[in-house]
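Input: a single structure, listed below in structure tokens.
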Amino acid sequence: HRLIRRQRQMCIRDSIKLYKDVVFNNTFYYQPEIKNFKDFRFYTEGEFEFKISDKFLVIFSFDYLYDSDPPSGIKKYDFGYETGFVITF
């Protein structure tokens, strides 16, 4: 399909404290094809951090990728999620 993509990338990061012990972190990337702005990708990854105690966090995270013109045989989007635990010693 394409071997070289001439791109620029825009990235936005944010962290929002929703409640006393809940934080939402998000990173958003946008990558347009310089010679054809109809050809672009965007990717976002986010997570909710729940502070259970001073030494224990539960994290729910997700990511989403969209490509307006993917290589042949590749779908235009992908979504994933996971749950994690952080224990501080």
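Each chain of the structure tokens is named A, B, ... in the order shown, its residues numbered from 1; ligands are numbered from 1 in display order.
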Exercise. Can you list, as a ChimeraX atom specification, every protein, DNA or RNA residue that comes within 8 Å of stretch 75-83 of chain A when you count only C-alpha atoms, leaving out same-chain residues fewer than 6 positions away?
Worked result: /A:58-69
Same residues, N, CA, C and O atoms, output as a tab-separated table (two decimals), in the first residue's frame:
```tsv
chain	number	residue	atom	x	y	z
A	58	VAL	N	-6.87	0.79	41.34
A	58	VAL	CA	-7.46	-0.02	40.28
A	58	VAL	C	-7.53	0.88	39.05
A	58	VAL	O	-7.96	2.04	39.14
A	59	ILE	N	-7.08	0.36	37.90
A	59	ILE	CA	-7.03	1.14	36.68
A	59	ILE	C	-7.82	0.43	35.58
A	59	ILE	O	-7.59	-0.75	35.32
A	60	PHE	N	-8.75	1.15	34.97
A	60	PHE	CA	-9.48	0.68	33.81
A	60	PHE	C	-8.99	1.51	32.63
A	60	PHE	O	-9.11	2.74	32.64
A	61	SER	N	-8.42	0.86	31.62
A	61	SER	CA	-7.87	1.60	30.49
A	61	SER	C	-8.47	1.11	29.17
A	61	SER	O	-8.97	-0.01	29.08
A	62	PHE	N	-8.40	1.98	28.16
A	62	PHE	CA	-8.91	1.65	26.83
A	62	PHE	C	-8.05	2.34	25.79
A	62	PHE	O	-7.35	3.32	26.08
A	63	ASP	N	-8.10	1.83	24.57
A	63	ASP	CA	-7.48	2.52	23.45
A	63	ASP	C	-8.34	2.31	22.20
A	63	ASP	O	-9.06	1.32	22.09
A	64	TYR	N	-8.28	3.28	21.31
A	64	TYR	CA	-9.05	3.23	20.07
A	64	TYR	C	-8.19	3.80	18.95
A	64	TYR	O	-7.59	4.87	19.09
A	65	LEU	N	-8.09	3.07	17.85
A	65	LEU	CA	-7.32	3.49	16.68
A	65	LEU	C	-8.24	3.51	15.47
A	65	LEU	O	-9.00	2.55	15.25
A	66	TYR	N	-8.17	4.58	14.68
A	66	TYR	CA	-8.92	4.69	13.44
A	66	TYR	C	-7.97	5.11	12.33
A	66	TYR	O	-7.18	6.04	12.50
A	67	ASP	N	-8.03	4.43	11.19
A	67	ASP	CA	-7.23	4.77	10.01
A	67	ASP	C	-8.21	4.93	8.85
A	67	ASP	O	-8.92	3.98	8.50
A	68	SER	N	-8.27	6.11	8.25
A	68	SER	CA	-9.24	6.36	7.18
A	68	SER	C	-8.91	5.59	5.90
A	68	SER	O	-9.79	5.36	5.08
A	69	ASP	N	-7.65	5.18	5.74
A	69	ASP	CA	-7.24	4.47	4.52
A	69	ASP	C	-6.20	3.41	4.87
A	69	ASP	O	-5.03	3.56	4.55
```
Exercise. Per DSSP on the backbone, what are the strand (DSSP E) residues of chain A, as a ChimeraX atom specification?
Worked result: /A:10-19,22-33,36-53,56-67,77-87
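In this model, the gap between atom CA of A:Lys35 and atom CA of A:Ser72 comes to 20.1 Å.
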For this session: Pick out the residues sitting within 7 Å of A:Asp21, and hand them over as a list in words; count only C-alpha atoms, and ignore anything fewer than 2 positions along from it in its own chain.
Result: Tyr19, Val23, Phe50 and Lys51 of chain A
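Ranking A:Glu45, A:Cys11, A:Thr88, A:Gly73 by their shortest atom-to-atom distance to A:Tyr29, with only C-alpha atoms included, puts A:Cys11 first.
Comparing A:Leu57, A:Ile74, A:Phe48, A:Arg41 by their smallest distance to A:Phe24, the closest is A:Phe48 (using only C-alpha atoms).
Proximity ranking of A:Gly84, A:Glu33, A:Lys38, A:Lys20 relative to A:Phe56 places A:Gly84 first, based on only C-alpha atoms.
Nearest residue to A:Phe40 among A:Pro70, A:Lys17, A:Phe28, A:Ser53 is A:Pro70, counting only C-alpha atoms.
The two atoms in question, atom CA of A:Phe37 and atom CA of A:Met10, are spaced 13.5 Å apart.
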For this session: State, in Å with one decimal place, the distance from atom CA of A:Thr27 to atom CA of A:Phe42.
Result: 10.6 Å
For this session: Return the single residue from A:Ile34, A:Gln9, A:Lys55, A:Thr44 that is closest to A:Val86, with distances computed using only C-alpha atoms.
Result: A:Lys55
